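Everything below belongs to entry26.cif, which stores mmCIF, C-alpha atoms and all ligand atoms.
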```
data_entry
loop_
_atom_site.label_atom_id
_atom_site.label_comp_id
_atom_site.auth_asym_id
_atom_site.auth_seq_id
_atom_site.Cartn_x
_atom_site.Cartn_y
_atom_site.Cartn_z
CA MET A 29 -16.69 -29.40 186.58
CA ARG A 30 -14.30 -31.81 184.84
CA ALA A 31 -16.19 -34.78 186.26
CA GLY A 32 -19.39 -33.36 184.82
CA ILE A 33 -17.91 -33.15 181.33
CA ALA A 34 -16.49 -36.69 181.58
CA LEU A 35 -19.90 -38.02 182.55
CA ALA A 36 -21.53 -36.22 179.65
CA VAL A 37 -18.97 -37.70 177.22
CA ILE A 38 -19.49 -41.21 178.59
CA ALA A 39 -23.25 -40.79 178.31
CA LEU A 40 -22.90 -39.59 174.72
CA PHE A 41 -20.66 -42.53 173.75
CA ALA A 42 -23.13 -44.92 175.28
CA ALA A 43 -25.99 -43.26 173.41
CA CYS A 44 -24.38 -43.52 170.00
CA GLY A 45 -22.58 -46.81 170.20
CA ALA A 46 -19.14 -45.56 171.35
CA THR A 47 -18.51 -43.63 168.17
CA ARG A 48 -15.70 -41.14 168.50
CA THR A 49 -17.12 -37.63 168.40
CA PRO A 50 -14.93 -34.56 168.16
CA GLN A 51 -16.96 -32.58 170.65
CA VAL A 52 -19.87 -32.87 172.96
CA ARG A 53 -23.09 -31.82 171.25
CA GLU A 54 -26.54 -31.44 172.60
CA THR A 55 -28.39 -33.05 169.67
CA SER A 56 -29.52 -36.59 170.31
CA ALA A 57 -30.04 -37.70 166.69
CA GLU A 58 -26.41 -37.64 165.55
CA LEU A 59 -26.44 -40.87 163.59
CA PRO A 60 -29.87 -41.31 162.11
CA SER A 61 -28.75 -44.15 159.83
CA ARG A 62 -27.96 -46.27 162.89
CA THR A 63 -31.39 -45.79 164.34
CA PHE A 64 -33.95 -48.34 163.27
CA VAL A 65 -37.68 -48.14 163.40
CA SER A 66 -39.96 -51.11 163.82
CA VAL A 67 -42.16 -51.62 160.76
CA GLN A 68 -45.18 -52.18 163.01
CA ARG A 69 -44.59 -48.82 164.67
CA LEU A 70 -44.15 -47.20 161.28
CA ALA A 71 -47.52 -48.65 160.23
CA ASP A 72 -49.15 -47.12 163.33
CA LYS A 73 -47.57 -43.79 162.60
CA LEU A 74 -48.84 -43.89 159.00
CA ASP A 75 -52.31 -44.95 160.15
CA LEU A 76 -52.07 -48.18 158.10
CA ASP A 77 -52.91 -51.71 159.16
CA TYR A 78 -49.82 -53.87 159.58
CA LEU A 79 -50.40 -57.05 157.58
CA GLY A 80 -47.16 -58.86 158.34
CA GLU A 81 -44.90 -60.76 155.99
CA ALA A 82 -45.75 -63.23 153.22
CA ASP A 83 -43.25 -64.60 150.72
CA GLY A 84 -40.73 -61.91 151.64
CA PHE A 85 -43.20 -59.03 151.17
CA ILE A 86 -44.01 -56.99 154.25
CA GLU A 87 -47.15 -54.98 153.85
CA MET A 88 -49.11 -52.33 155.66
CA SER A 89 -52.27 -50.96 154.12
CA THR A 90 -55.58 -49.31 154.58
CA ALA A 91 -57.32 -48.89 151.24
CA PRO A 92 -56.52 -47.03 149.11
CA ASP A 93 -53.07 -46.52 150.67
CA TYR A 94 -50.38 -49.12 151.08
CA VAL A 95 -46.68 -49.54 151.74
CA MET A 96 -44.92 -52.71 150.69
CA LEU A 97 -41.42 -53.54 151.86
CA VAL A 98 -39.30 -56.44 150.70
CA ARG A 99 -37.20 -58.43 153.16
CA ASP A 100 -33.45 -57.70 152.74
CA SER A 101 -34.18 -55.24 149.94
CA ARG A 102 -33.94 -51.48 149.62
CA ASN A 103 -37.03 -51.33 147.42
CA ALA A 104 -40.25 -50.08 148.89
CA VAL A 105 -43.52 -49.46 147.07
CA VAL A 106 -45.83 -46.71 148.28
CA ASN A 107 -49.22 -46.62 146.53
CA GLY A 108 -47.67 -48.12 143.42
CA GLU A 109 -44.65 -45.83 143.43
CA ARG A 110 -41.20 -47.12 144.09
CA VAL A 111 -39.10 -45.61 146.87
CA ALA A 112 -35.38 -46.46 146.87
CA MET A 113 -34.35 -46.73 150.50
CA GLY A 114 -30.81 -46.20 151.78
CA GLN A 115 -30.74 -49.46 153.70
CA PRO A 116 -32.56 -52.78 153.35
CA CYS A 117 -35.58 -53.77 155.39
CA LEU A 118 -34.27 -56.30 157.93
CA ARG A 119 -35.71 -58.89 160.20
CA ARG A 120 -35.12 -58.23 163.89
CA GLY A 121 -36.63 -60.86 166.17
CA SER A 122 -40.25 -61.30 165.23
CA ASP A 123 -40.44 -57.82 163.73
CA TYR A 124 -38.97 -56.03 160.72
CA VAL A 125 -37.08 -52.77 160.86
CA VAL A 126 -36.05 -49.98 158.51
CA SER A 127 -33.63 -47.14 159.21
CA ALA A 128 -35.12 -43.98 160.67
CA GLY A 129 -34.08 -42.08 157.54
CA ASP A 130 -35.88 -44.60 155.31
CA ALA A 131 -38.97 -44.48 157.54
CA GLU A 132 -38.91 -40.73 156.96
CA LEU A 133 -38.61 -41.23 153.16
CA VAL A 134 -41.60 -43.58 153.12
CA THR A 135 -43.60 -41.25 155.37
CA SER A 136 -43.00 -38.20 153.23
CA LYS A 137 -43.77 -40.12 150.00
CA LEU A 138 -47.07 -41.34 151.41
CA SER A 139 -48.05 -37.93 152.76
CA SER A 140 -47.27 -36.25 149.45
CA LEU A 141 -49.40 -38.84 147.61
CA ARG A 142 -52.18 -38.40 150.13
CA SER A 143 -52.15 -34.63 149.93
CA GLY A 144 -52.01 -34.67 146.13
CA ARG A 145 -55.06 -36.89 145.89
CA LYS A 146 -57.84 -35.18 144.07
CA PRO A 147 -61.44 -35.77 145.02
CA VAL A 148 -63.21 -37.94 142.49
CA GLU A 149 -64.36 -35.90 139.56
CA ALA A 150 -67.41 -36.54 137.47
CA ILE A 151 -66.58 -39.80 135.78
CA PRO A 152 -67.84 -40.45 132.26
CA LEU A 153 -69.64 -43.65 133.13
CA THR A 154 -73.28 -44.17 132.42
CA ILE A 155 -75.13 -47.13 133.79
CA ALA A 156 -76.34 -49.28 130.89
CA PRO A 157 -78.24 -52.57 130.96
CA ALA A 158 -76.05 -55.67 130.96
CA PRO A 159 -75.62 -57.24 127.51
CA SER A 160 -77.67 -60.39 127.13
CA HIS A 161 -76.08 -61.82 123.98
CA PRO A 162 -73.58 -64.67 124.25
CA SER A 163 -69.91 -63.71 124.46
CA GLY A 164 -68.06 -63.20 121.21
CA LEU A 165 -64.68 -63.26 122.96
CA PRO A 166 -62.04 -65.85 122.05
CA ALA A 167 -62.79 -69.06 123.96
CA GLU A 168 -59.90 -68.71 126.44
CA TRP A 169 -61.14 -65.31 127.62
CA GLN A 170 -64.81 -66.09 127.99
CA PRO A 171 -66.60 -65.83 131.31
CA ARG A 172 -67.92 -69.02 132.87
CA SER A 173 -71.00 -70.11 130.97
CA GLY A 174 -74.05 -69.02 132.91
CA ALA A 175 -72.25 -66.16 134.70
CA ARG A 176 -74.42 -63.06 134.71
CA MET A 177 -72.83 -60.46 132.42
CA ARG A 178 -71.96 -57.06 133.84
CA ASP A 179 -72.24 -53.78 131.98
CA TRP A 180 -68.52 -53.17 131.50
CA GLN A 181 -67.89 -49.58 130.43
CA ALA A 182 -64.19 -48.94 130.90
CA ILE A 183 -60.83 -50.71 131.07
CA VAL A 184 -58.16 -49.77 133.63
CA ILE A 185 -54.52 -50.68 132.98
CA HIS A 186 -52.12 -51.41 135.85
CA HIS A 187 -48.62 -52.65 136.46
CA ALA A 188 -47.86 -55.03 139.32
CA ALA A 189 -45.04 -52.79 140.65
CA MET A 190 -43.11 -56.04 141.13
CA PRO A 191 -40.39 -57.20 138.72
CA SER A 192 -41.61 -60.79 138.70
CA GLY A 193 -44.73 -62.76 139.46
CA ASP A 194 -47.93 -64.08 137.99
CA ALA A 195 -51.63 -64.12 138.82
CA GLY A 196 -50.98 -66.51 141.72
CA THR A 197 -48.35 -64.25 143.32
CA ILE A 198 -50.59 -61.19 143.10
CA HIS A 199 -53.54 -63.23 144.38
CA LYS A 200 -51.56 -64.02 147.56
CA VAL A 201 -50.62 -60.38 148.10
CA HIS A 202 -54.23 -59.27 147.59
CA LEU A 203 -55.59 -61.97 149.91
CA ALA A 204 -53.62 -60.25 152.68
CA ASN A 205 -55.62 -57.03 152.23
CA PRO A 206 -58.44 -56.68 154.72
CA GLY A 207 -61.78 -57.17 153.04
CA TRP A 208 -60.27 -58.44 149.76
CA ASP A 209 -60.92 -61.94 148.55
CA GLY A 210 -57.89 -62.32 146.33
CA LEU A 211 -56.68 -61.18 142.92
CA GLY A 212 -58.23 -57.75 142.41
CA TYR A 213 -57.75 -57.68 138.62
CA HIS A 214 -59.71 -59.51 135.97
CA PHE A 215 -56.69 -60.34 133.81
CA VAL A 216 -52.93 -60.58 134.38
CA VAL A 217 -50.41 -60.40 131.53
CA GLY A 218 -47.14 -62.19 132.34
CA ASN A 219 -43.58 -61.04 131.63
CA GLY A 220 -41.88 -64.43 131.35
CA THR A 221 -40.84 -64.68 135.02
CA GLN A 222 -43.52 -66.81 136.64
CA SER A 223 -45.89 -67.08 133.70
CA GLY A 224 -45.21 -66.84 129.98
CA ASP A 225 -44.01 -63.62 128.35
CA GLY A 226 -47.28 -62.10 127.12
CA GLU A 227 -49.36 -64.94 128.58
CA VAL A 228 -52.84 -63.77 129.60
CA GLU A 229 -54.09 -65.30 132.84
CA VAL A 230 -57.82 -65.01 133.48
CA GLY A 231 -58.78 -64.28 137.08
CA PHE A 232 -61.74 -65.66 138.99
CA ARG A 233 -63.41 -62.25 138.95
CA TRP A 234 -63.64 -62.38 135.17
CA ARG A 235 -64.79 -66.00 134.98
CA GLU A 236 -67.52 -65.23 137.52
CA GLN A 237 -68.19 -61.71 136.16
CA ARG A 238 -67.52 -60.17 139.54
CA GLU A 239 -66.62 -56.58 140.26
CA GLY A 240 -62.93 -55.74 140.48
CA ALA A 241 -60.83 -54.62 143.44
CA HIS A 242 -58.25 -52.54 141.62
CA ALA A 243 -59.54 -49.04 141.02
CA ARG A 244 -61.09 -47.49 144.09
CA ALA A 245 -60.74 -43.72 143.70
CA ARG A 246 -60.87 -43.06 147.44
CA LYS A 247 -62.29 -44.45 150.64
CA GLY A 248 -66.05 -43.97 150.86
CA ASP A 249 -66.67 -43.22 147.17
CA ASP A 250 -69.35 -45.06 145.19
CA ASN A 251 -66.78 -47.57 143.90
CA ARG A 252 -67.97 -47.08 140.33
CA TRP A 253 -64.63 -47.93 138.74
CA ASN A 254 -64.51 -51.30 140.44
CA LEU A 255 -68.14 -51.98 139.58
CA HIS A 256 -67.97 -51.03 135.91
CA SER A 257 -64.39 -51.32 134.70
CA ILE A 258 -62.28 -54.28 133.67
CA GLY A 259 -58.92 -54.40 135.48
CA ILE A 260 -55.87 -55.63 133.57
CA CYS A 261 -52.48 -55.87 135.27
CA LEU A 262 -49.12 -56.40 133.56
CA VAL A 263 -46.44 -58.09 135.62
CA GLY A 264 -43.39 -55.84 136.03
CA ASP A 265 -42.37 -52.56 137.57
CA PHE A 266 -42.70 -49.98 134.82
CA THR A 267 -41.37 -47.13 136.90
CA THR A 268 -37.94 -48.50 135.96
CA VAL A 269 -38.36 -51.01 133.10
CA ALA A 270 -40.69 -50.98 130.11
CA PRO A 271 -43.04 -53.91 129.50
CA SER A 272 -41.86 -56.48 126.97
CA GLN A 273 -43.08 -56.22 123.39
CA ARG A 274 -44.99 -59.49 123.85
CA GLN A 275 -46.77 -58.07 126.88
CA VAL A 276 -47.86 -55.01 124.94
CA ASP A 277 -48.91 -57.14 121.94
CA SER A 278 -51.03 -59.37 124.17
CA LEU A 279 -52.51 -56.38 125.96
CA VAL A 280 -53.50 -54.79 122.64
CA ARG A 281 -55.14 -58.03 121.51
CA LEU A 282 -57.02 -58.45 124.81
CA VAL A 283 -58.15 -54.83 125.08
CA ARG A 284 -59.33 -54.74 121.46
CA ALA A 285 -61.36 -57.90 121.99
CA LEU A 286 -62.95 -56.44 125.14
CA MET A 287 -63.64 -53.10 123.42
CA ASP A 288 -65.36 -54.89 120.54
CA GLU A 289 -67.35 -57.16 122.82
CA TYR A 290 -68.66 -54.48 125.17
CA GLY A 291 -68.65 -51.44 122.88
CA ILE A 292 -66.03 -49.67 125.01
CA PRO A 293 -64.53 -46.62 123.26
CA ALA A 294 -60.77 -45.95 123.33
CA GLU A 295 -61.38 -42.89 125.57
CA ALA A 296 -62.62 -45.27 128.26
CA VAL A 297 -59.35 -47.23 128.28
CA VAL A 298 -57.43 -45.46 131.03
CA PRO A 299 -54.30 -45.83 133.17
CA HIS A 300 -54.86 -46.43 136.87
CA SER A 301 -53.42 -42.94 137.46
CA PHE A 302 -56.54 -41.52 135.76
CA VAL A 303 -58.70 -42.89 138.56
CA HIS A 304 -56.46 -42.51 141.60
CA ALA A 305 -53.38 -40.55 142.71
CA THR A 306 -50.73 -43.09 141.69
CA GLU A 307 -48.04 -43.43 139.03
CA CYS A 308 -49.45 -46.81 138.02
CA PRO A 309 -48.80 -48.21 135.41
CA GLY A 310 -45.45 -46.40 135.61
CA ALA A 311 -43.66 -43.83 133.48
CA ARG A 312 -42.01 -46.50 131.30
CA PHE A 313 -45.33 -47.88 130.13
CA PRO A 314 -45.60 -46.85 126.44
CA TRP A 315 -49.07 -45.33 126.75
CA GLY A 316 -48.92 -43.46 123.46
CA GLN A 317 -47.84 -46.56 121.50
CA PHE A 318 -50.53 -48.62 123.21
CA MET A 319 -53.36 -46.15 122.55
CA SER A 320 -52.34 -45.63 118.93
CA ARG A 321 -52.63 -49.38 118.37
CA LEU A 322 -56.17 -49.42 119.82
CA ARG A 323 -57.61 -46.77 117.52
ZN ZN B 401 -52.68 -49.85 139.46
#
```
When written as structure tokens, how does the structure in this file appear?
Ligand SMILES: [Zn+2]
Amino acid sequence: MRAGIALAVIALFAACGATRTPQVRETSAELPSRTFVSVQRLADKLDLDYLGEADGFIEMSTAPDYVMLVRDSRNAVVNGERVAMGQPCLRRGSDYVVSAGDAELVTSKLSSLRSGRKPVEAIPLTIAPAPSHPSGLPAEWQPRSGARMRDWQAIVIHHAAMPSGDAGTIHKVHLANPGWDGLGYHFVVGNGTQSGDGEVEVGFRWREQREGAHARARKGDDNRWNLHSIGICLVGDFTTVAPSQRQVDSLVRLVRALMDEYGIPAEAVVPHSFVHATECPGARFPWGQFMSRLR
């Protein structure tokens, strides 16, 4: 009898790293924070494709869902929403790991976003012929001469959900998405970290008048928002910090020029969250101030 108890105690110590425990318990998950989960296994569990690491960002995604982890950081981004983890994402061998508790946090955030996703409603877009007149946009924002104009009918505003970066950084992240060919937005407005504060960078999709890859409502839909809306992304994470005044000023100038050029009404300037179950562009984005300056 005594030998049996001693064996059980030894087995328990071995199982939880020789931590002193006041009594023998039957539960196996005593110290969840010490248990780590491989990020690749987490991706499998979430039914996402594991895309590996690039520039410190570890990503798993299957459109429209994604989880982005940052090496040695507690910040995770789930479909544009930030999740503050208890412990950083660490490298272990050729893999990355997060604590079991943090894996649970990410899992429940993604499942709540998935279950809250509404089916696409009737969207107020009508298919109009492409304008044939030459662009009246300021020279730096004009499409490549000779590019076939699209019938732009809406403008979708995003944040990058990253505190720093520029069009090049986002381009790299988007290149890692299966089926994407790089920067999904048409324009990127910098925040002074890797491009100028308020600087407008023009993406290849705009120069070539190509459809966007920023506003899919859900897998298998008719992709109308990507086909007919202009995607503008502001660098920053506006779940925690507001955009700079210069960013908002530049955005107002850009959006007004696009509205004038394509006859887009203010009602068709929408946050990403209008199209898809996401918090993008973040609660700190001054939507009211922005819209009042457009009208
Ligand atoms: Zn967005």
Residues within 7 Å of ligand ZN 401 (chain B), counting all atoms listed in the file: report them as a PyMOL selection string.
-> chain A and resi 108+185-187+242+300+308-309
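Every protein or nucleic acid residue with an atom no more than 9 Å from Ser173 of chain A, counting only C-alpha atoms and leaving out same-chain residues fewer than 2 positions away, appears here: Gln170, Pro171, Ala175, Arg176, Arg235 and Glu236 of chain A.
In this structure, atom CA of Leu138 of chain A sits 13.9 Å away from atom CA of Glu87 of chain A.
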Counting only C-alpha atoms, what is within 12 Å of Ile258 of chain A, bar same-chain residues fewer than 2 positions away, as a PyMOL selection string?
-> chain A and resi 178-186+212-216+230-231+233-234+237-243+252-256+260-261+282-283+286-287+290+292+296-300
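The space between atom CA of Val111 of chain A and atom CA of Gly248 of chain A spans 27.3 Å.
With distances restricted to all atoms listed in the file, A:Val263 is the closest residue to Asp194 of chain A from A:Ala245, A:Val263, A:Leu211, A:Ala128.
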Nearby residues (all atoms listed in the file) at most 12 Å from Gln222 of chain A, same-chain spacing under 5 positions excluded, as a list in words | Met190, Pro191, Ser192, Gly193, Asp194, Ala195, Gly196, Thr197, Ile198, Val216, Val217, Glu227, Glu229, Val263 and Gly264 of chain A
Distance atom CA of Met319 of chain A-atom CA of Thr306 of chain A, one decimal place?
-> 19.6 Å
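Considering the residues A:Pro206, A:Gly316, A:Gly226, A:Pro166 and counting all atoms listed in the file, Gln275 of chain A has its shortest atom-to-atom contact with A:Gly226.
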Nearest candidate to Glu289 of chain A (options A:Trp169, A:Phe85, A:Tyr94, A:Phe64; using all atoms listed in the file) = A:Trp169
Tell me, as number ranges by chain, which residues lie within 10 Å of Asp288 of chain A, counting all atoms listed in the file; anything in the same chain fewer than 5 positions away does not count.
-> A: 164-165, 283, 293
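Checking A:Cys117, A:Val276, A:Ala305, A:Ile86 one by one against Ala131 of chain A, counting all atoms listed in the file, you find the shortest gap at A:Cys117.
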Find, counting all atoms listed in the file, the residue in A:Ser272, A:Asn219, A:Ser136, A:Ser301 that gets nearest to Leu74 of chain A.
-> A:Ser136
Using the file's own x, y and z axes, so that the box edges lie along x, y and z, what centre and edge lengths in Å (one decimal) does a box around every listed atom of segment 65-78 of chain A get when 8 Å is added on each side? Give it as JSON.
```
{"center_x": -45.3, "center_y": -48.8, "center_z": 161.4, "size_x": 31.2, "size_y": 26.1, "size_z": 22.6}
```
